[in-house]
$ cat query_9.txt   # compact mmCIF, C-alpha atoms
# COMPACT_ATOMS: atom_id res chain seq x y z
CA MET B 1221 44.66 -7.72 16.12
CA PRO B 1222 47.40 -7.00 13.52
CA LEU B 1223 46.11 -5.57 10.24
CA GLU B 1224 48.25 -5.87 7.10
CA LEU B 1225 47.95 -3.60 4.06
CA HIS B 1226 48.31 -4.34 0.37
CA PRO B 1227 52.03 -4.80 -0.58
CA ALA B 1228 51.80 -1.88 -3.01
CA ARG B 1229 51.11 0.47 -0.09
CA ALA B 1230 53.34 -1.21 2.47
CA ALA B 1231 56.31 0.94 1.47
CA ASP B 1232 54.46 4.10 2.47
CA PRO B 1233 55.11 4.69 6.22
CA ARG B 1234 51.90 6.69 6.51
CA ALA B 1235 49.86 3.69 5.34
CA HIS B 1236 50.72 1.40 8.28
CA ILE B 1237 47.95 0.80 10.81
CA GLY B 1238 49.76 -1.31 13.36
CA HIS B 1239 47.96 -3.16 16.15
CA VAL B 1240 44.36 -2.28 16.84
CA ARG B 1241 42.27 -3.56 19.75
CA VAL B 1242 39.09 -5.12 18.38
CA HIS B 1243 35.91 -6.22 20.15
CA GLN B 1244 35.17 -9.51 18.40
CA HIS B 1245 31.44 -10.18 18.72
CA ARG B 1246 31.48 -13.63 17.08
CA PRO B 1247 34.09 -16.32 16.25
CA VAL B 1248 35.53 -16.23 12.74
CA LYS B 1249 34.48 -19.27 10.69
CA GLY B 1250 35.69 -20.37 7.30
CA ARG B 1251 38.68 -18.95 5.43
CA VAL B 1252 39.25 -15.21 5.68
CA LYS B 1253 39.60 -13.73 2.19
CA THR B 1254 39.64 -9.98 2.81
CA VAL B 1255 39.87 -7.62 5.77
CA THR B 1256 38.26 -4.19 5.42
CA VAL B 1257 38.70 -1.38 7.92
CA LYS B 1258 36.08 1.35 7.78
CA ARG B 1259 35.13 4.36 9.82
CA GLU B 1260 31.65 5.68 10.58
CA GLY B 1261 31.79 8.90 12.54
CA ASN B 1262 34.09 8.24 15.49
CA ARG B 1263 33.59 4.47 15.29
CA TRP B 1264 35.94 2.06 13.52
CA TYR B 1265 34.92 -1.36 12.19
CA VAL B 1266 36.81 -4.37 10.85
CA VAL B 1267 34.82 -6.36 8.28
CA LEU B 1268 36.01 -9.90 7.48
CA SER B 1269 34.93 -11.56 4.25
CA CYS B 1270 35.12 -15.35 4.59
CA ALA B 1271 34.84 -18.28 2.22
CA ASP B 1272 34.00 -21.93 2.88
CA VAL B 1273 31.86 -21.01 5.89
CA PRO B 1274 30.23 -24.22 7.22
CA VAL B 1275 26.43 -24.32 7.16
CA GLU B 1276 24.88 -24.73 10.60
CA SER B 1277 21.50 -26.19 9.74
CA LEU B 1278 18.71 -25.58 12.23
CA PRO B 1279 16.31 -28.37 13.26
CA GLN B 1280 13.45 -28.86 10.83
CA ALA B 1281 10.51 -26.64 11.72
CA ASP B 1282 7.92 -28.28 9.42
CA ALA B 1283 6.50 -24.86 8.59
CA ALA B 1284 6.41 -22.47 5.65
CA ILE B 1285 5.42 -18.82 5.63
CA GLY B 1286 4.73 -16.01 3.21
CA ILE B 1287 5.47 -12.37 4.03
CA ASP B 1288 4.02 -9.24 2.48
CA MET B 1289 6.21 -6.15 2.83
CA GLY B 1290 4.48 -2.84 3.45
CA ILE B 1291 4.72 0.68 4.82
CA THR B 1292 1.84 0.70 7.29
CA HIS B 1293 3.18 -2.59 8.66
CA PHE B 1294 6.81 -3.56 8.19
CA LEU B 1295 5.57 -6.97 7.11
CA THR B 1296 2.50 -9.17 7.41
CA THR B 1297 2.79 -12.94 7.53
CA SER B 1298 0.52 -15.57 6.03
CA ASP B 1299 -0.32 -16.52 9.63
CA GLY B 1300 -1.97 -13.12 10.01
CA GLU B 1301 0.72 -11.55 12.22
CA HIS B 1302 1.58 -7.88 11.67
CA ILE B 1303 5.11 -6.66 12.41
CA ALA B 1304 5.00 -2.94 13.17
CA ASN B 1305 6.97 -0.50 11.05
CA PRO B 1306 9.42 1.18 13.47
CA ARG B 1307 9.88 4.30 11.24
CA PHE B 1308 13.30 5.13 12.66
CA LEU B 1309 13.92 8.06 10.30
CA GLN B 1310 10.54 9.61 11.03
CA GLU B 1311 11.10 9.17 14.76
CA ALA B 1312 14.40 11.07 14.57
CA ALA B 1313 13.21 13.59 11.96
CA GLU B 1314 12.88 16.54 14.35
CA GLU B 1315 16.30 16.00 15.95
CA LEU B 1316 17.90 15.47 12.54
CA ALA B 1317 16.30 18.60 11.06
CA GLU B 1318 17.55 20.72 13.95
CA ALA B 1319 21.08 19.34 13.58
CA GLN B 1320 21.03 19.93 9.82
CA ARG B 1321 19.82 23.52 10.28
CA HIS B 1322 22.70 24.15 12.65
CA LEU B 1323 25.17 22.62 10.20
CA ALA B 1324 23.78 24.78 7.39
CA THR B 1325 24.86 27.93 9.25
CA PHE B 1326 28.49 27.06 8.43
CA PRO B 1327 30.00 27.52 4.95
CA ARG B 1328 29.63 24.42 2.78
CA HIS B 1329 32.93 24.78 0.92
CA THR B 1330 35.88 25.61 3.11
CA LYS B 1331 39.42 24.28 3.37
CA ARG B 1332 39.54 24.46 7.17
CA ARG B 1333 36.59 23.74 9.42
CA THR B 1334 36.33 25.29 12.84
CA LYS B 1335 35.88 23.15 15.94
CA LYS B 1336 32.17 24.02 16.09
CA HIS B 1337 31.77 23.21 12.39
CA ARG B 1338 33.30 19.77 12.85
CA ALA B 1339 31.12 19.13 15.90
CA ALA B 1340 27.98 20.06 13.92
CA ALA B 1341 28.98 17.70 11.12
CA ARG B 1342 29.62 14.89 13.60
CA LYS B 1343 26.21 15.50 15.14
CA VAL B 1344 24.42 14.99 11.82
CA ALA B 1345 26.54 11.95 10.95
CA GLY B 1346 25.92 10.48 14.40
CA ILE B 1347 22.14 10.73 14.04
CA HIS B 1348 22.24 9.05 10.63
CA ALA B 1349 24.50 6.32 12.03
CA ARG B 1350 22.13 5.69 14.95
CA ILE B 1351 19.17 5.39 12.57
CA ARG B 1352 21.13 2.96 10.41
CA ARG B 1353 22.15 0.82 13.39
CA ARG B 1354 18.60 0.66 14.73
CA ARG B 1355 17.29 -0.31 11.28
CA LEU B 1356 19.90 -3.06 10.99
CA ASP B 1357 19.14 -4.34 14.48
CA HIS B 1358 15.42 -4.53 13.71
CA ALA B 1359 16.08 -6.31 10.40
CA HIS B 1360 18.42 -8.85 12.01
CA LYS B 1361 16.02 -9.70 14.83
CA THR B 1362 12.99 -9.99 12.53
CA ALA B 1363 14.86 -12.15 10.00
CA LEU B 1364 16.24 -14.40 12.75
CA THR B 1365 12.73 -15.04 14.11
CA LEU B 1366 11.48 -16.04 10.65
CA VAL B 1367 14.47 -18.29 9.93
CA ARG B 1368 14.28 -20.10 13.26
CA GLY B 1369 10.59 -20.89 12.91
CA HIS B 1370 10.21 -21.81 9.23
CA ASP B 1371 11.83 -24.08 6.67
CA VAL B 1372 10.54 -22.08 3.68
CA ILE B 1373 10.09 -18.30 3.59
CA ALA B 1374 8.46 -16.64 0.59
CA HIS B 1375 8.47 -12.94 -0.19
CA GLU B 1376 7.73 -10.60 -3.08
CA ARG B 1377 10.39 -10.00 -5.72
CA LEU B 1378 10.60 -6.23 -5.23
CA ASN B 1379 12.17 -3.75 -7.64
CA ILE B 1380 12.95 -1.17 -4.98
CA ALA B 1381 15.01 1.03 -7.32
CA GLY B 1382 12.08 1.25 -9.72
CA MET B 1383 9.57 1.83 -6.94
CA THR B 1384 11.55 4.80 -5.60
CA ARG B 1385 12.32 6.35 -8.99
CA VAL B 1386 11.64 10.10 -9.19
CA PRO B 1387 8.70 10.95 -11.53
CA VAL B 1388 9.71 12.25 -14.95
CA ALA B 1389 8.94 15.91 -15.57
CA LYS B 1390 6.00 16.45 -17.96
CA PRO B 1391 6.36 19.60 -20.08
CA ASP B 1392 3.20 21.42 -21.10
CA LEU B 1393 3.19 21.40 -24.91
CA GLU B 1394 0.86 24.40 -25.02
CA GLN B 1395 2.98 26.54 -22.68
CA PRO B 1396 6.73 26.35 -23.32
CA GLY B 1397 8.74 26.36 -20.09
CA VAL B 1398 5.74 25.20 -18.01
CA PHE B 1399 5.46 21.68 -16.58
CA LEU B 1400 2.33 19.68 -15.81
CA PRO B 1401 1.66 18.32 -12.28
CA ASN B 1402 3.33 14.92 -11.81
CA GLN B 1403 2.77 14.29 -8.07
CA ARG B 1404 6.49 14.74 -7.42
CA ALA B 1405 6.03 15.92 -3.83
CA ALA B 1406 3.70 13.04 -2.95
CA LYS B 1407 6.06 10.54 -4.59
CA ALA B 1408 8.98 11.98 -2.63
CA GLY B 1409 7.12 11.29 0.62
CA LEU B 1410 6.33 7.73 -0.49
CA ASN B 1411 9.95 7.15 -1.54
CA ARG B 1412 11.17 8.41 1.83
CA SER B 1413 8.82 6.00 3.63
CA ILE B 1414 9.94 3.05 1.49
CA LEU B 1415 13.62 3.78 2.05
CA ASP B 1416 13.06 4.33 5.78
CA THR B 1417 11.43 0.90 6.02
CA GLY B 1418 14.59 -0.71 4.62
CA TRP B 1419 13.08 -3.53 2.55
CA GLY B 1420 16.29 -4.14 0.62
CA VAL B 1421 18.44 -4.36 3.75
CA PHE B 1422 16.00 -6.74 5.41
CA LEU B 1423 15.66 -9.09 2.42
CA THR B 1424 19.44 -9.28 2.05
CA ILE B 1425 19.86 -10.14 5.73
CA LEU B 1426 17.02 -12.68 5.51
CA ALA B 1427 18.65 -14.43 2.53
CA ASN B 1428 22.04 -14.57 4.29
CA LYS B 1429 20.63 -15.96 7.53
CA ALA B 1430 18.52 -18.51 5.67
CA GLU B 1431 21.53 -19.73 3.68
CA SER B 1432 23.59 -20.09 6.87
CA ALA B 1433 20.80 -22.06 8.54
CA GLY B 1434 19.98 -24.29 5.56
CA ARG B 1435 16.57 -22.70 5.04
CA THR B 1436 14.91 -21.87 1.71
CA VAL B 1437 13.93 -18.35 0.68
CA ILE B 1438 11.79 -17.91 -2.43
CA ALA B 1439 11.08 -14.61 -4.21
CA VAL B 1440 7.80 -14.70 -6.16
CA ASP B 1441 6.16 -12.45 -8.72
CA PRO B 1442 4.27 -9.75 -6.77
CA ARG B 1443 1.72 -8.97 -9.50
CA ASN B 1444 -1.90 -9.10 -8.28
CA THR B 1445 -0.99 -10.65 -4.93
CA SER B 1446 -3.24 -8.10 -3.22
CA ARG B 1447 -6.03 -8.40 -5.83
CA SER B 1448 -6.36 -12.19 -6.01
CA CYS B 1449 -8.80 -13.97 -3.75
CA PRO B 1450 -7.11 -16.82 -1.86
CA ASN B 1451 -10.53 -18.44 -1.40
CA CYS B 1452 -11.84 -18.63 -4.98
CA GLY B 1453 -8.97 -17.29 -7.10
CA HIS B 1454 -10.94 -14.36 -8.54
CA VAL B 1455 -8.64 -11.50 -9.64
CA ALA B 1456 -10.02 -7.96 -9.86
CA LYS B 1457 -8.92 -4.46 -8.99
CA GLU B 1458 -12.23 -3.96 -7.18
CA ASN B 1459 -11.33 -6.68 -4.66
CA ARG B 1460 -8.98 -4.22 -2.96
CA VAL B 1461 -11.55 -1.91 -1.39
CA THR B 1462 -9.03 0.19 0.54
CA GLN B 1463 -5.37 -0.03 1.45
CA ALA B 1464 -6.29 -2.27 4.40
CA ILE B 1465 -9.50 -4.08 3.33
CA PHE B 1466 -9.88 -6.95 0.86
CA ASP B 1467 -13.43 -7.89 -0.18
CA CYS B 1468 -13.78 -10.38 -3.03
CA THR B 1469 -16.51 -9.32 -5.46
CA ALA B 1470 -17.10 -12.95 -6.45
CA CYS B 1471 -17.29 -14.97 -3.22
CA ARG B 1472 -17.43 -12.08 -0.70
CA PHE B 1473 -14.35 -13.34 1.14
CA THR B 1474 -13.18 -10.52 3.43
CA ALA B 1475 -9.82 -10.14 5.13
CA ASN B 1476 -6.97 -7.75 5.74
CA ALA B 1477 -5.41 -6.86 2.38
CA ASP B 1478 -1.84 -7.42 3.57
CA HIS B 1479 -2.77 -10.82 4.99
CA VAL B 1480 -4.32 -11.76 1.65
CA GLY B 1481 -1.12 -10.71 -0.09
CA ALA B 1482 0.98 -12.89 2.22
CA LEU B 1483 -1.32 -15.89 1.63
CA ASN B 1484 -1.04 -15.51 -2.14
CA ILE B 1485 2.75 -15.17 -1.87
CA LEU B 1486 2.90 -18.43 0.09
CA ASN B 1487 0.66 -20.16 -2.47
CA ARG B 1488 2.87 -19.02 -5.35
CA ALA B 1489 5.96 -20.25 -3.50
CA GLY B 1490 4.31 -23.68 -3.16
CA LEU B 1491 3.67 -23.79 -6.90
CA ALA B 1492 7.28 -22.80 -7.56
CA LEU B 1493 8.54 -25.63 -5.35
CA CYS B 1494 6.26 -28.12 -7.15
CA ASP B 1495 7.61 -27.00 -10.53
CA THR B 1496 11.22 -27.52 -9.45
CA ALA B 1497 10.56 -30.85 -7.71

$ encode --input "query_9.txt" --output "structure tokens"
Amino acid sequence: MPLELHPARAADPRAHIGHVRVHQHRPVKGRVKTVTVKREGNRWYVVLSCADVPVESLPQADAAIGIDMGITHFLTTSDGEHIANPRFLQEAAEELAEAQRHLATFPRHTKRRTKKHRAAARKVAGIHARIRRRRLDHAHKTALTLVRGHDVIAHERLNIAGMTRVPVAKPDLEQPGVFLPNQRAAKAGLNRSILDTGWGVFLTILANKAESAGRTVIAVDPRNTSRSCPNCGHVAKENRVTQAIFDCTACRFTANADHVGALNILNRAGLALCDTA
């Protein structure tokens, strides 16, 4: 596959790539706008950005679903199905920590790395790349299952950047130079779990697959989705007994809290569709 560079760099003989053998895993559709060559570790990738890609609509499924994203479960559907959280980073944490400790034995700032230093750096990069590929594979397969089986998919409108923001330091006004506890360590663990789950990556992939298949994806307001009773509509903080148990204080409706959240998300998506109809 011949790869051409920007004319401004074509005059530089060092900038030419030449012919590169590429494993094409799918046919190119639409009009190619840009070609990007990138390297991850010892792997090279060619990324094609295309316009005017034809929509390949799937047969109508006559089904709609709401999904509640979580940490204990990757997601829970309004049908009551729980998709397990694979926790790829946690699974590889021990191997990654060992590789990082070995890399730390080499100087951080040096003009020339030794062969062992480069190998240690490749080891760490390779583990991160494997985690990223596994996370992407899981997101693609999960999104594809949802898109194939449902015409409308509703999810929470998540502000992931805000959810993973580091707590602001709280200075003690009575003791200059001393800071009050702000649960920074606990929040760091929660942030790590959220980022390991990969909500943002999954929702982006889901939106892209749905658009290609002619499906509808709706993002709804997540406020009180886990505190509202889908049976009677009563909203109260006390309805959420624990992280996993929902027990309505008004009608005594009991269910899994994540399932309740997914049901409310689906209901809000239905209201949104009625408003736009």

$ atom_distance --input "query_9.txt" --atom1 "atom CA of B:Ala1470" --atom2 "atom CA of B:His1454"
6.7 Å

$ closest_atom_pairs --input "query_9.txt" --of "stretch 1347-1381 of chain B" --to "stretch 1428-1434 of chain B" --cutoff "9 Å" --atoms "only C-alpha atoms" --output "Markdown table"
| residue | atom | partner | partner_atom | distance |
| --- | --- | --- | --- | --- |
| B:His1360 | CA | B:Lys1429 | CA | 8.7 |
| B:Ala1363 | CA | B:Lys1429 | CA | 7.3 |
| B:Leu1364 | CA | B:Lys1429 | CA | 7.0 |
| B:Leu1366 | CA | B:Ala1430 | CA | 9.0 |
| B:Val1367 | CA | B:Ala1430 | CA | 5.9 |
| B:Arg1368 | CA | B:Ala1433 | CA | 8.3 |
| B:Asp1371 | CA | B:Gly1434 | CA | 8.2 |
| B:Val1372 | CA | B:Ala1430 | CA | 9.0 |
| B:Ile1373 | CA | B:Ala1430 | CA | 8.7 |

$ write_last_selection --input "query_9.txt" --atoms "C-alpha atoms" --output "short mmCIF file (atom, residue, chain, number, x, y, z; two decimals), in the frame of the given file"
data_model
loop_
_atom_site.label_atom_id
_atom_site.label_comp_id
_atom_site.auth_asym_id
_atom_site.auth_seq_id
_atom_site.Cartn_x
_atom_site.Cartn_y
_atom_site.Cartn_z
CA HIS B 1360 18.42 -8.85 12.01
CA ALA B 1363 14.86 -12.15 10.00
CA LEU B 1364 16.24 -14.40 12.75
CA LEU B 1366 11.48 -16.04 10.65
CA VAL B 1367 14.47 -18.29 9.93
CA ARG B 1368 14.28 -20.10 13.26
CA ASP B 1371 11.83 -24.08 6.67
CA VAL B 1372 10.54 -22.08 3.68
CA ILE B 1373 10.09 -18.30 3.59
#

$ closest_residue --input "query_9.txt" --among "B:Pro1401, B:Gly1382, B:Pro1247, B:Gly1369" --to "B:Ala1283" --atoms "all atoms listed in the file"
B:Gly1369

$ residues_around --input "query_9.txt" --residues "B:Thr1417" --least-positions-apart "4" --cutoff "8 Å" --atoms "all atoms listed in the file" --output "PDB file with C-alpha atoms, in the frame of the given file"
ATOM      1  CA  ILE B1291       4.720   0.680   4.820  1.00  0.00           C
ATOM      2  CA  PHE B1294       6.810  -3.560   8.190  1.00  0.00           C
ATOM      3  CA  ASN B1305       6.970  -0.500  11.050  1.00  0.00           C
ATOM      4  CA  PRO B1306       9.420   1.180  13.470  1.00  0.00           C
ATOM      5  CA  ARG B1307       9.880   4.300  11.240  1.00  0.00           C
ATOM      6  CA  ARG B1355      17.290  -0.310  11.280  1.00  0.00           C
ATOM      7  CA  SER B1413       8.820   6.000   3.630  1.00  0.00           C
TER       8      SER B1413
END

$ closest_residue --input "query_9.txt" --among "B:Asp1288, B:Glu1318, B:Asp1299, B:Glu1276" --to "B:Ser1446" --atoms "only C-alpha atoms"
B:Asp1288

$ atom_distance --input "query_9.txt" --atom1 "atom CA of B:Ser1269" --atom2 "atom CA of B:Val1252"
5.8 Å

$ closest_residue --input "query_9.txt" --among "B:Arg1385, B:His1348, B:Arg1342, B:His1375" --to "B:Lys1407" --atoms "all atoms listed in the file"
B:Arg1385

$ closest_residue --input "query_9.txt" --among "B:Ala1475, B:Leu1378, B:Ala1340, B:Ile1303" --to "B:Ile1414" --atoms "all atoms listed in the file"
B:Leu1378

$ closest_residue --input "query_9.txt" --among "B:Gly1397, B:Gly1418, B:Pro1327, B:Gly1290" --to "B:Leu1309" --atoms "only C-alpha atoms"
B:Gly1418

$ atom_distance --input "query_9.txt" --atom1 "atom CA of B:Ser1277" --atom2 "atom CA of B:Thr1362"
18.5 Å

$ closest_residue --input "query_9.txt" --among "B:Val1386, B:Ile1285, B:Ala1341, B:Ile1351" --to "B:Ala1405" --atoms "all atoms listed in the file"
B:Val1386

$ residues_around --input "query_9.txt" --residues "B:Val1344" --least-positions-apart "6" --cutoff "12 Å" --atoms "all atoms listed in the file" --output "PDB file with C-alpha atoms, in the frame of the given file"
ATOM      1  CA  GLU B1260      31.650   5.680  10.580  1.00  0.00           C
ATOM      2  CA  GLY B1261      31.790   8.900  12.540  1.00  0.00           C
ATOM      3  CA  ALA B1312      14.400  11.070  14.570  1.00  0.00           C
ATOM      4  CA  ALA B1313      13.210  13.590  11.960  1.00  0.00           C
ATOM      5  CA  GLU B1314      12.880  16.540  14.350  1.00  0.00           C
ATOM      6  CA  GLU B1315      16.300  16.000  15.950  1.00  0.00           C
ATOM      7  CA  LEU B1316      17.900  15.470  12.540  1.00  0.00           C
ATOM      8  CA  ALA B1317      16.300  18.600  11.060  1.00  0.00           C
ATOM      9  CA  GLU B1318      17.550  20.720  13.950  1.00  0.00           C
ATOM     10  CA  ALA B1319      21.080  19.340  13.580  1.00  0.00           C
ATOM     11  CA  GLN B1320      21.030  19.930   9.820  1.00  0.00           C
ATOM     12  CA  ARG B1321      19.820  23.520  10.280  1.00  0.00           C
ATOM     13  CA  HIS B1322      22.700  24.150  12.650  1.00  0.00           C
ATOM     14  CA  LEU B1323      25.170  22.620  10.200  1.00  0.00           C
ATOM     15  CA  ALA B1324      23.780  24.780   7.390  1.00  0.00           C
ATOM     16  CA  HIS B1337      31.770  23.210  12.390  1.00  0.00           C
ATOM     17  CA  ARG B1338      33.300  19.770  12.850  1.00  0.00           C
ATOM     18  CA  ARG B1350      22.130   5.690  14.950  1.00  0.00           C
ATOM     19  CA  ILE B1351      19.170   5.390  12.570  1.00  0.00           C
TER      20      ILE B1351
END
